[in-house]
>>> print(open('start.pdb').read())   # PDB, C-alpha atoms
ATOM      1  CA  MET A   1      78.875  84.871 -55.296
ATOM      2  CA  ASN A   2      79.561  87.488 -52.779
ATOM      3  CA  LYS A   3      80.260  85.876 -49.433
ATOM      4  CA  ASN A   4      78.353  88.732 -47.846
ATOM      5  CA  LEU A   5      75.168  87.188 -49.155
ATOM      6  CA  GLU A   6      75.351  84.097 -46.978
ATOM      7  CA  SER A   7      72.436  85.179 -44.870
ATOM      8  CA  GLU A   8      70.668  86.811 -47.762
ATOM      9  CA  GLY A   9      67.366  85.236 -46.872
ATOM     10  CA  GLU A  10      67.166  87.443 -43.835
ATOM     11  CA  ARG A  11      67.878  90.685 -45.662
ATOM     12  CA  LYS A  12      65.716  92.715 -47.964
ATOM     13  CA  LEU A  13      67.346  93.450 -51.280
ATOM     14  CA  SER A  14      66.244  97.036 -51.633
ATOM     15  CA  CYS A  15      66.411  99.795 -49.076
ATOM     16  CA  SER A  16      63.282 101.864 -48.627
ATOM     17  CA  ASP A  17      65.183 104.986 -47.606
ATOM     18  CA  VAL A  18      68.698 104.767 -48.986
ATOM     19  CA  SER A  19      69.387 108.452 -48.502
ATOM     20  CA  LYS A  20      68.623 108.495 -44.800
ATOM     21  CA  CYS A  21      70.142 105.087 -44.088
ATOM     22  CA  PHE A  22      73.470 105.661 -45.848
ATOM     23  CA  LYS A  23      73.868 109.028 -44.182
ATOM     24  CA  LEU A  24      73.232 107.446 -40.806
ATOM     25  CA  LEU A  25      75.593 104.536 -41.482
ATOM     26  CA  GLU A  26      78.399 106.884 -42.496
ATOM     27  CA  SER A  27      77.841 108.951 -39.367
ATOM     28  CA  ILE A  28      78.066 105.845 -37.204
ATOM     29  CA  LEU A  29      81.202 104.677 -39.020
ATOM     30  CA  ASP A  30      82.787 108.086 -38.506
ATOM     31  CA  GLY A  31      82.090 107.893 -34.771
ATOM     32  CA  ASP A  32      79.535 110.667 -34.756
ATOM     33  CA  ASN A  33      77.550 110.793 -31.568
ATOM     34  CA  ILE A  34      74.402 108.921 -32.575
ATOM     35  CA  PRO A  35      72.198 107.645 -29.709
ATOM     36  CA  GLU A  36      71.901 103.833 -29.670
ATOM     37  CA  SER A  37      74.142 103.637 -32.717
ATOM     38  CA  GLN A  38      75.224 100.030 -32.125
ATOM     39  CA  GLU A  39      71.656  98.770 -32.017
ATOM     40  CA  ILE A  40      70.678 100.742 -35.110
ATOM     41  CA  LEU A  41      73.732  99.425 -36.911
ATOM     42  CA  ASN A  42      73.092  95.801 -35.973
ATOM     43  CA  GLN A  43      69.500  96.039 -37.066
ATOM     44  CA  LYS A  44      70.268  97.672 -40.418
ATOM     45  CA  LEU A  45      73.076  95.271 -41.251
ATOM     46  CA  ALA A  46      70.959  92.270 -40.367
ATOM     47  CA  LYS A  47      67.912  93.304 -42.348
ATOM     48  CA  CYS A  48      69.004  95.331 -45.368
ATOM     49  CA  GLN A  49      71.433  94.152 -48.054
ATOM     50  CA  PRO A  50      72.152  97.606 -49.598
ATOM     51  CA  CYS A  51      72.893  98.976 -46.126
ATOM     52  CA  PHE A  52      75.089  95.973 -45.358
ATOM     53  CA  GLU A  53      77.097  96.415 -48.550
ATOM     54  CA  HIS A  54      77.390 100.173 -48.227
ATOM     55  CA  TYR A  55      78.582  99.973 -44.649
ATOM     56  CA  HIS A  56      81.224  97.322 -45.303
ATOM     57  CA  LEU A  57      82.537  99.060 -48.413
ATOM     58  CA  GLU A  58      82.801 102.409 -46.633
ATOM     59  CA  LYS A  59      84.471 100.698 -43.696
ATOM     60  CA  ALA A  60      87.036  99.006 -45.954
ATOM     61  CA  ILE A  61      87.849 102.258 -47.764
ATOM     62  CA  LYS A  62      88.196 104.123 -44.493
ATOM     63  CA  GLU A  63      90.540 101.442 -43.227
ATOM     64  CA  VAL A  64      92.807 101.415 -46.310
ATOM     65  CA  LEU A  65      92.937 105.212 -46.307
ATOM     66  CA  ARG A  66      94.051 105.181 -42.702
ATOM     67  CA  THR A  67      96.586 102.390 -43.018
ATOM     68  CA  LYS A  68      97.931 102.543 -46.580
ATOM     69  CA  CYS A  69      98.085 106.186 -47.638
ATOM     70  CA  THR A  70     101.642 107.279 -48.209
ATOM     71  CA  LYS A  71     103.081 109.133 -45.267
ATOM     72  CA  HIS A  72     105.857 111.626 -45.799
ATOM     73  CA  ALA A  73     108.619 111.996 -43.241
ATOM     74  CA  VAL A  74     109.001 115.478 -41.819
ATOM     75  CA  PRO A  75     112.189 116.995 -43.282
ATOM     76  CA  SER A  76     114.818 116.908 -40.562
ATOM     77  CA  GLU A  77     115.641 120.610 -40.785
ATOM     78  CA  LEU A  78     112.035 121.768 -40.408
ATOM     79  CA  VAL A  79     111.782 121.530 -36.635
ATOM     80  CA  ALA A  80     115.110 123.315 -36.153
ATOM     81  CA  SER A  81     114.081 126.016 -38.587
ATOM     82  CA  ILE A  82     110.783 126.597 -36.760
ATOM     83  CA  ARG A  83     112.526 126.815 -33.394
ATOM     84  CA  GLU A  84     115.077 129.239 -34.770
ATOM     85  CA  LYS A  85     112.391 131.538 -36.138
ATOM     86  CA  ILE A  86     110.434 131.390 -32.880
ATOM     87  CA  GLN A  87     113.554 132.608 -31.080
ATOM     88  CA  ASP A  88     113.648 135.574 -33.449
ATOM     89  CA  ILE A  89     110.114 136.683 -32.623
ATOM     90  CA  LYS A  90     110.384 136.092 -28.887
TER      91      LYS A  90
ATOM     92  CA  MET B   1      88.443 128.084 -31.494
ATOM     93  CA  SER B   2      87.709 131.771 -31.448
ATOM     94  CA  GLU B   3      90.497 134.223 -32.033
ATOM     95  CA  VAL B   4      89.691 136.144 -28.887
ATOM     96  CA  GLN B   5      92.662 136.568 -26.633
ATOM     97  CA  ARG B   6      91.821 134.752 -23.452
ATOM     98  CA  LYS B   7      95.129 134.202 -21.705
ATOM     99  CA  LYS B   8      98.320 135.915 -20.880
ATOM    100  CA  TYR B   9     100.946 133.222 -20.750
ATOM    101  CA  SER B  10     104.453 133.725 -19.408
ATOM    102  CA  ASP B  11     107.359 132.928 -21.730
ATOM    103  CA  LYS B  12     107.894 129.683 -19.858
ATOM    104  CA  GLU B  13     104.257 128.699 -20.235
ATOM    105  CA  LYS B  14     104.400 129.550 -23.907
ATOM    106  CA  SER B  15     107.392 127.282 -24.390
ATOM    107  CA  THR B  16     105.683 124.476 -22.509
ATOM    108  CA  ILE B  17     102.510 124.730 -24.600
ATOM    109  CA  PHE B  18     104.519 124.964 -27.786
ATOM    110  CA  ASP B  19     106.662 121.928 -26.984
ATOM    111  CA  GLN B  20     104.066 119.717 -25.351
ATOM    112  CA  GLU B  21     100.867 120.591 -27.206
ATOM    113  CA  PHE B  22     101.883 121.982 -30.606
ATOM    114  CA  MET B  23     105.049 120.200 -31.699
ATOM    115  CA  PRO B  24     103.746 116.623 -31.245
ATOM    116  CA  HIS B  25     101.425 117.270 -34.215
ATOM    117  CA  ILE B  26     104.142 118.202 -36.666
ATOM    118  CA  ASP B  27     103.930 114.865 -38.524
ATOM    119  CA  SER B  28     100.216 115.273 -39.154
ATOM    120  CA  MET B  29     100.663 118.936 -40.014
ATOM    121  CA  TYR B  30     103.407 118.244 -42.537
ATOM    122  CA  ASN B  31     101.437 115.459 -44.186
ATOM    123  CA  PHE B  32      98.350 117.671 -44.350
ATOM    124  CA  GLY B  33     100.451 120.404 -45.960
ATOM    125  CA  TYR B  34     101.979 117.941 -48.382
ATOM    126  CA  ARG B  35      98.606 116.513 -49.377
ATOM    127  CA  LEU B  36      97.289 120.005 -50.038
ATOM    128  CA  THR B  37     100.239 121.236 -52.099
ATOM    129  CA  PHE B  38     101.995 118.063 -53.363
ATOM    130  CA  ASP B  39     105.272 119.868 -52.891
ATOM    131  CA  GLU B  40     107.843 119.391 -50.144
ATOM    132  CA  ASP B  41     108.990 123.010 -50.024
ATOM    133  CA  ASP B  42     105.467 124.381 -50.061
ATOM    134  CA  ALA B  43     104.463 121.970 -47.325
ATOM    135  CA  LYS B  44     107.460 123.060 -45.244
ATOM    136  CA  ASP B  45     106.564 126.724 -45.729
ATOM    137  CA  LEU B  46     102.958 126.116 -44.776
ATOM    138  CA  VAL B  47     103.888 124.203 -41.639
ATOM    139  CA  GLN B  48     106.491 126.765 -40.642
ATOM    140  CA  ASP B  49     104.051 129.648 -41.162
ATOM    141  CA  THR B  50     101.442 127.764 -39.168
ATOM    142  CA  TYR B  51     103.755 127.222 -36.207
ATOM    143  CA  LEU B  52     104.918 130.835 -36.250
ATOM    144  CA  LYS B  53     101.313 132.045 -36.295
ATOM    145  CA  ALA B  54     100.442 129.579 -33.550
ATOM    146  CA  TYR B  55     103.205 131.007 -31.397
ATOM    147  CA  ARG B  56     102.284 134.589 -32.202
ATOM    148  CA  PHE B  57      98.640 133.977 -31.278
ATOM    149  CA  ILE B  58      99.300 131.528 -28.481
ATOM    150  CA  ASN B  59      97.318 133.664 -26.033
ATOM    151  CA  SER B  60      94.163 132.846 -27.954
ATOM    152  CA  PHE B  61      94.793 129.135 -27.413
ATOM    153  CA  GLU B  62      93.450 127.675 -24.220
ATOM    154  CA  GLN B  63      95.930 125.250 -22.721
ATOM    155  CA  GLY B  64      94.706 121.670 -22.648
ATOM    156  CA  THR B  65      92.086 122.132 -25.387
ATOM    157  CA  ASN B  66      92.233 120.656 -28.867
ATOM    158  CA  ALA B  67      95.604 121.870 -30.136
ATOM    159  CA  LYS B  68      95.579 119.647 -33.197
ATOM    160  CA  ALA B  69      92.278 121.056 -34.496
ATOM    161  CA  TRP B  70      93.462 124.582 -33.686
ATOM    162  CA  LEU B  71      96.680 124.064 -35.661
ATOM    163  CA  PHE B  72      94.892 122.424 -38.590
ATOM    164  CA  ARG B  73      92.557 125.391 -38.811
ATOM    165  CA  ILE B  74      95.488 127.797 -38.982
ATOM    166  CA  LEU B  75      97.188 125.701 -41.654
ATOM    167  CA  LYS B  76      94.000 125.471 -43.696
ATOM    168  CA  ASN B  77      93.540 129.253 -43.513
ATOM    169  CA  SER B  78      97.170 129.840 -44.462
ATOM    170  CA  PHE B  79      96.726 127.541 -47.416
ATOM    171  CA  ILE B  80      93.657 129.428 -48.638
ATOM    172  CA  ASN B  81      94.818 132.956 -47.876
ATOM    173  CA  ASP B  82      98.527 132.808 -48.565
ATOM    174  CA  TYR B  83      99.446 129.791 -50.614
ATOM    175  CA  ARG B  84      96.601 129.895 -53.081
ATOM    176  CA  LYS B  85      96.975 133.598 -53.728
ATOM    177  CA  LYS B  86     100.599 133.362 -54.717
ATOM    178  CA  SER B  87     100.338 130.034 -56.514
ATOM    179  CA  LYS B  88      98.793 129.270 -59.830
ATOM    180  CA  GLN B  89      96.235 126.976 -58.302
ATOM    181  CA  PRO B  90      92.825 127.497 -59.874
ATOM    182  CA  ALA B  91      91.223 128.385 -56.575
ATOM    183  CA  LYS B  92      88.180 129.925 -58.215
ATOM    184  CA  ILE B  93      87.303 126.782 -60.080
ATOM    185  CA  ASP B  94      87.775 124.598 -57.021
ATOM    186  CA  TYR B  95      85.915 126.740 -54.598
ATOM    187  CA  GLN B  96      83.133 128.351 -56.528
ATOM    188  CA  GLU B  97      82.140 125.171 -58.264
ATOM    189  CA  VAL B  98      82.242 123.215 -55.086
ATOM    190  CA  GLU B  99      80.339 125.787 -53.093
ATOM    191  CA  THR B 100      77.554 126.271 -55.591
ATOM    192  CA  TYR B 101      77.369 122.841 -57.087
ATOM    193  CA  TYR B 102      78.149 120.304 -54.440
ATOM    194  CA  ASN B 103      77.534 121.948 -51.127
ATOM    195  CA  SER B 104      73.814 121.487 -51.099
ATOM    196  CA  ASP B 105      72.741 119.368 -48.165
ATOM    197  CA  ASP B 106      70.464 117.582 -50.548
ATOM    198  CA  VAL B 107      72.928 114.902 -51.527
ATOM    199  CA  ASP B 108      71.856 111.937 -53.577
ATOM    200  CA  TYR B 109      72.556 109.048 -51.273
ATOM    201  CA  GLY B 110      71.127 106.656 -53.809
ATOM    202  CA  ILE B 111      74.292 106.581 -55.878
ATOM    203  CA  THR B 112      75.666 103.085 -55.681
ATOM    204  CA  THR B 113      78.884 101.619 -56.837
ATOM    205  CA  ASP B 114      79.836  98.117 -57.813
ATOM    206  CA  LEU B 115      83.199  98.378 -56.149
ATOM    207  CA  ARG B 116      83.890  95.388 -53.958
ATOM    208  CA  VAL B 117      85.341  95.161 -50.488
ATOM    209  CA  ASP B 118      87.949  92.562 -51.478
ATOM    210  CA  ALA B 119      89.216  94.739 -54.322
ATOM    211  CA  VAL B 120      89.591  97.705 -51.971
ATOM    212  CA  LYS B 121      91.474  95.662 -49.399
ATOM    213  CA  ASP B 122      93.940  94.414 -52.009
ATOM    214  CA  MET B 123      94.830  97.867 -53.290
ATOM    215  CA  LEU B 124      98.311  99.236 -52.904
ATOM    216  CA  GLY B 125      99.152 102.322 -50.922
ATOM    217  CA  ASP B 126     100.117 104.170 -54.087
ATOM    218  CA  GLU B 127      96.769 103.441 -55.676
ATOM    219  CA  ILE B 128      94.876 104.645 -52.627
ATOM    220  CA  SER B 129      97.064 107.756 -52.376
ATOM    221  CA  ASN B 130      96.742 108.532 -56.092
ATOM    222  CA  ALA B 131      92.976 108.198 -55.945
ATOM    223  CA  LEU B 132      92.823 110.557 -52.982
ATOM    224  CA  ASN B 133      95.242 113.006 -54.588
ATOM    225  CA  SER B 134      93.162 113.149 -57.748
ATOM    226  CA  LEU B 135      90.202 114.695 -55.919
ATOM    227  CA  ALA B 136      89.626 118.454 -55.927
ATOM    228  CA  VAL B 137      91.196 120.032 -52.879
ATOM    229  CA  ASP B 138      87.969 120.600 -50.949
ATOM    230  CA  PHE B 139      86.921 116.979 -51.291
ATOM    231  CA  ARG B 140      90.441 115.763 -50.584
ATOM    232  CA  THR B 141      90.524 117.883 -47.461
ATOM    233  CA  VAL B 142      87.427 116.393 -45.819
ATOM    234  CA  ILE B 143      88.662 112.854 -46.411
ATOM    235  CA  ILE B 144      92.090 113.704 -45.002
ATOM    236  CA  LEU B 145      90.554 115.283 -41.922
ATOM    237  CA  CYS B 146      88.003 112.541 -41.301
ATOM    238  CA  ASP B 147      89.584 109.293 -42.432
ATOM    239  CA  LEU B 148      93.305 109.944 -42.120
ATOM    240  CA  GLU B 149      93.356 112.231 -39.108
ATOM    241  CA  GLY B 150      90.231 111.064 -37.306
ATOM    242  CA  PHE B 151      88.643 114.437 -36.637
ATOM    243  CA  THR B 152      84.983 114.468 -35.628
ATOM    244  CA  TYR B 153      82.345 116.220 -37.717
ATOM    245  CA  GLU B 154      82.217 118.977 -35.127
ATOM    246  CA  GLU B 155      85.972 119.509 -35.256
ATOM    247  CA  MET B 156      85.915 119.476 -39.051
ATOM    248  CA  ALA B 157      83.153 122.086 -39.085
ATOM    249  CA  LYS B 158      85.330 124.363 -36.948
ATOM    250  CA  ILE B 159      88.505 123.720 -38.920
ATOM    251  CA  LEU B 160      86.759 124.403 -42.224
ATOM    252  CA  ASP B 161      84.345 127.107 -41.005
ATOM    253  CA  ILE B 162      81.343 125.339 -42.472
ATOM    254  CA  PRO B 163      78.166 123.888 -40.902
ATOM    255  CA  ILE B 164      78.148 120.233 -39.817
ATOM    256  CA  GLY B 165      75.489 119.438 -42.431
ATOM    257  CA  THR B 166      77.871 120.686 -45.096
ATOM    258  CA  VAL B 167      80.667 118.556 -43.633
ATOM    259  CA  ARG B 168      78.453 115.471 -43.938
ATOM    260  CA  SER B 169      77.327 116.174 -47.479
ATOM    261  CA  ARG B 170      80.781 117.187 -48.704
ATOM    262  CA  LEU B 171      82.259 114.064 -47.156
ATOM    263  CA  HIS B 172      79.657 111.857 -48.762
ATOM    264  CA  ARG B 173      80.202 113.480 -52.146
ATOM    265  CA  ALA B 174      83.979 113.113 -51.732
ATOM    266  CA  ARG B 175      83.588 109.441 -50.910
ATOM    267  CA  ASN B 176      81.497 108.834 -53.990
ATOM    268  CA  LEU B 177      84.149 110.483 -56.152
ATOM    269  CA  LEU B 178      86.853 108.451 -54.445
ATOM    270  CA  LYS B 179      84.896 105.255 -55.061
ATOM    271  CA  ASP B 180      84.694 106.120 -58.768
ATOM    272  CA  LYS B 181      88.482 106.374 -58.849
ATOM    273  CA  LEU B 182      88.998 103.193 -56.876
ATOM    274  CA  ARG B 183      86.577 101.330 -59.103
ATOM    275  CA  SER B 184      88.558 102.231 -62.195
ATOM    276  CA  TYR B 185      91.738 101.036 -60.461
ATOM    277  CA  ALA B 186      89.957  97.824 -59.502
ATOM    278  CA  GLN B 187      88.916  97.235 -63.096
ATOM    279  CA  ASN B 188      92.480  97.806 -64.244
ATOM    280  CA  MET B 189      93.699  95.316 -61.659
ATOM    281  CA  GLY B 190      91.453  92.740 -63.238
ATOM    282  CA  TYR B 191      88.928  92.493 -60.458
ATOM    283  CA  LYS B 192      85.484  91.684 -61.638
ATOM    284  CA  THR B 193      82.867  94.266 -61.008
ATOM    285  CA  ASP B 194      79.161  93.628 -61.040
ATOM    286  CA  GLU B 195      78.870  95.501 -64.330
ATOM    287  CA  GLU B 196      80.941  92.872 -66.066
ATOM    288  CA  GLU B 197      79.007  89.893 -64.772
TER     289      GLU B 197
END
>>> encode(input="start.pdb", output="structure tokens")
Amino acid sequence: MNKNLESEGERKLSCSDVSKCFKLLESILDGDNIPESQEILNQKLAKCQPCFEHYHLEKAIKEVLRTKCTKHAVPSELVASIREKIQDIK
Amino acid sequence: MSEVQRKKYSDKEKSTIFDQEFMPHIDSMYNFGYRLTFDEDDAKDLVQDTYLKAYRFINSFEQGTNAKAWLFRILKNSFINDYRKKSKQPAKIDYQEVETYYNSDDVDYGITTDLRVDAVKDMLGDEISNALNSLAVDFRTVIILCDLEGFTYEEMAKILDIPIGTVRSRLHRARNLLKDKLRSYAQNMGYKTDEEE
């Protein structure tokens, strides 16, 4: 079983307003300026299983995007080329 | 981020702004360009054009404000106005469909996915990158700006010239599409999904 369900007894298994809740959770995760966001988050995660799962999945995806996406090194000649062209238009 | 000319910088001030506020973002700019075009030369051209435009219009940049967002907005506009016009990218399909079909603020937040946290965490960088790269450019862009570059909704709205509500709904839609991709990778990796249980 999903280890996230350990405290399942405390959480309701269906969310009464998935649309509003998920939107709010994503906003909080993205650092949008939501008043009392930490309290709202704690309450939702403690009481609602769909919210709990949605939040943790979105958080995990956000984290792997940030840390694992391939980064490309800037070609070494690019900076020199930009500076050279700036000199031309000065 | 208006285009109104506010300042009249000296050449020395221009150089200082360029070196200290613009150039430190070249890594992010190049990667943004690469993720839009998937081509090293095109990405280089986009970044170079962006920096030349930034220098040319430096008087409309207020020193000490958000240079990264300002530069990203220029690059995004260059991509739409210059790159797409001369390339064979199906801009009409991307944009018109997205604008009319997906941009409604009335997003279905009820869509759920059986993708699991553990499966996501075990994915390889290539799988994550491929999933992101497979999204249409407008969806890819909001995820790049938000999750890879850490821009706020407000900054994204300015960079993309769209309302914040549209940023939220486009981002949510993009994430759902990304989850669909990741779920198919997870199934291929042999992770169990709820559907199979």
>>> resolve_selection(input="start.pdb", expression="the PyMOL selection byres ((chain A) within 10 of (chain B))", output="tab-separated table (two decimals) with C-alpha atoms, in the coordinates of the input")
chain	number	residue	atom	x	y	z
A	2	ASN	CA	79.56	87.49	-52.78
A	4	ASN	CA	78.35	88.73	-47.85
A	15	CYS	CA	66.41	99.80	-49.08
A	17	ASP	CA	65.18	104.99	-47.61
A	18	VAL	CA	68.70	104.77	-48.99
A	19	SER	CA	69.39	108.45	-48.50
A	20	LYS	CA	68.62	108.50	-44.80
A	21	CYS	CA	70.14	105.09	-44.09
A	22	PHE	CA	73.47	105.66	-45.85
A	23	LYS	CA	73.87	109.03	-44.18
A	26	GLU	CA	78.40	106.88	-42.50
A	27	SER	CA	77.84	108.95	-39.37
A	30	ASP	CA	82.79	108.09	-38.51
A	31	GLY	CA	82.09	107.89	-34.77
A	32	ASP	CA	79.54	110.67	-34.76
A	33	ASN	CA	77.55	110.79	-31.57
A	50	PRO	CA	72.15	97.61	-49.60
A	53	GLU	CA	77.10	96.42	-48.55
A	54	HIS	CA	77.39	100.17	-48.23
A	56	HIS	CA	81.22	97.32	-45.30
A	57	LEU	CA	82.54	99.06	-48.41
A	58	GLU	CA	82.80	102.41	-46.63
A	59	LYS	CA	84.47	100.70	-43.70
A	60	ALA	CA	87.04	99.01	-45.95
A	61	ILE	CA	87.85	102.26	-47.76
A	62	LYS	CA	88.20	104.12	-44.49
A	63	GLU	CA	90.54	101.44	-43.23
A	64	VAL	CA	92.81	101.42	-46.31
A	65	LEU	CA	92.94	105.21	-46.31
A	66	ARG	CA	94.05	105.18	-42.70
A	67	THR	CA	96.59	102.39	-43.02
A	68	LYS	CA	97.93	102.54	-46.58
A	69	CYS	CA	98.08	106.19	-47.64
A	70	THR	CA	101.64	107.28	-48.21
A	71	LYS	CA	103.08	109.13	-45.27
A	72	HIS	CA	105.86	111.63	-45.80
A	73	ALA	CA	108.62	112.00	-43.24
A	74	VAL	CA	109.00	115.48	-41.82
A	75	PRO	CA	112.19	117.00	-43.28
A	77	GLU	CA	115.64	120.61	-40.78
A	78	LEU	CA	112.04	121.77	-40.41
A	79	VAL	CA	111.78	121.53	-36.64
A	81	SER	CA	114.08	126.02	-38.59
A	82	ILE	CA	110.78	126.60	-36.76
A	83	ARG	CA	112.53	126.82	-33.39
A	85	LYS	CA	112.39	131.54	-36.14
A	86	ILE	CA	110.43	131.39	-32.88
A	89	ILE	CA	110.11	136.68	-32.62
A	90	LYS	CA	110.38	136.09	-28.89
>>> atom_distance(input="start.pdb", atom1="atom CA of B:Asn81", atom2="atom CA of B:Ile162")
16.4 Å
>>> atom_distance(input="start.pdb", atom1="atom CA of B:Ala136", atom2="atom CA of B:Arg170")
11.5 Å
>>> atom_distance(input="start.pdb", atom1="atom CA of B:Thr65", atom2="atom CA of B:Ser78")
21.2 Å
>>> resolve_selection(input="start.pdb", expression="the PyMOL selection byres ((chain A and resi 48) around 8)", output="VMD selection string")
chain A and resid 11 to 15 44 to 47 49 to 52
>>> closest_residue(input="start.pdb", among="B:Glu155, B:Ser184, B:Leu135, B:Ile58", to="B:Phe22", atoms="all atoms listed in the file")
B:Ile58
>>> decode(input="start.pdb", residues="stretch 46-61 of chain A", atoms="N, CA and C atoms", output="PDB file, in the first residue's frame")
ATOM      1  N   ALA A  46      -3.677  17.366   6.018  1.00  0.00           N
ATOM      2  CA  ALA A  46      -4.035  16.519   7.151  1.00  0.00           C
ATOM      3  C   ALA A  46      -5.409  15.894   6.978  1.00  0.00           C
ATOM      4  N   LYS A  47      -6.282  16.579   6.253  1.00  0.00           N
ATOM      5  CA  LYS A  47      -7.687  16.145   6.260  1.00  0.00           C
ATOM      6  C   LYS A  47      -8.199  15.546   4.957  1.00  0.00           C
ATOM      7  N   CYS A  48      -7.452  15.736   3.853  1.00  0.00           N
ATOM      8  CA  CYS A  48      -8.003  15.323   2.566  1.00  0.00           C
ATOM      9  C   CYS A  48      -6.981  14.507   1.772  1.00  0.00           C
ATOM     10  N   GLN A  49      -7.303  13.244   1.531  1.00  0.00           N
ATOM     11  CA  GLN A  49      -6.371  12.358   0.820  1.00  0.00           C
ATOM     12  C   GLN A  49      -6.104  12.805  -0.627  1.00  0.00           C
ATOM     13  N   PRO A  50      -7.138  13.148  -1.417  1.00  0.00           N
ATOM     14  CA  PRO A  50      -6.833  13.615  -2.791  1.00  0.00           C
ATOM     15  C   PRO A  50      -5.927  14.844  -2.798  1.00  0.00           C
ATOM     16  N   CYS A  51      -6.151  15.762  -1.875  1.00  0.00           N
ATOM     17  CA  CYS A  51      -5.304  16.955  -1.796  1.00  0.00           C
ATOM     18  C   CYS A  51      -3.873  16.566  -1.421  1.00  0.00           C
ATOM     19  N   PHE A  52      -3.763  15.651  -0.462  1.00  0.00           N
ATOM     20  CA  PHE A  52      -2.458  15.176  -0.018  1.00  0.00           C
ATOM     21  C   PHE A  52      -1.683  14.566  -1.199  1.00  0.00           C
ATOM     22  N   GLU A  53      -2.349  13.709  -1.930  1.00  0.00           N
ATOM     23  CA  GLU A  53      -1.680  13.031  -3.051  1.00  0.00           C
ATOM     24  C   GLU A  53      -1.326  14.005  -4.166  1.00  0.00           C
ATOM     25  N   HIS A  54      -2.256  14.894  -4.473  1.00  0.00           N
ATOM     26  CA  HIS A  54      -2.006  15.862  -5.538  1.00  0.00           C
ATOM     27  C   HIS A  54      -0.813  16.749  -5.194  1.00  0.00           C
ATOM     28  N   TYR A  55      -0.809  17.228  -3.972  1.00  0.00           N
ATOM     29  CA  TYR A  55       0.269  18.132  -3.555  1.00  0.00           C
ATOM     30  C   TYR A  55       1.632  17.442  -3.634  1.00  0.00           C
ATOM     31  N   HIS A  56       1.709  16.225  -3.106  1.00  0.00           N
ATOM     32  CA  HIS A  56       3.016  15.551  -3.076  1.00  0.00           C
ATOM     33  C   HIS A  56       3.486  15.132  -4.473  1.00  0.00           C
ATOM     34  N   LEU A  57       2.542  14.791  -5.337  1.00  0.00           N
ATOM     35  CA  LEU A  57       2.931  14.441  -6.707  1.00  0.00           C
ATOM     36  C   LEU A  57       3.431  15.693  -7.450  1.00  0.00           C
ATOM     37  N   GLU A  58       2.690  16.780  -7.314  1.00  0.00           N
ATOM     38  CA  GLU A  58       3.115  18.019  -7.979  1.00  0.00           C
ATOM     39  C   GLU A  58       4.475  18.482  -7.442  1.00  0.00           C
ATOM     40  N   LYS A  59       4.651  18.320  -6.153  1.00  0.00           N
ATOM     41  CA  LYS A  59       5.914  18.730  -5.530  1.00  0.00           C
ATOM     42  C   LYS A  59       7.074  17.896  -6.070  1.00  0.00           C
ATOM     43  N   ALA A  60       6.849  16.586  -6.199  1.00  0.00           N
ATOM     44  CA  ALA A  60       7.903  15.694  -6.699  1.00  0.00           C
ATOM     45  C   ALA A  60       8.249  16.030  -8.152  1.00  0.00           C
ATOM     46  N   ILE A  61       7.229  16.292  -8.961  1.00  0.00           N
ATOM     47  CA  ILE A  61       7.482  16.613 -10.373  1.00  0.00           C
ATOM     48  C   ILE A  61       8.236  17.935 -10.484  1.00  0.00           C
TER      49      ILE A  61
END
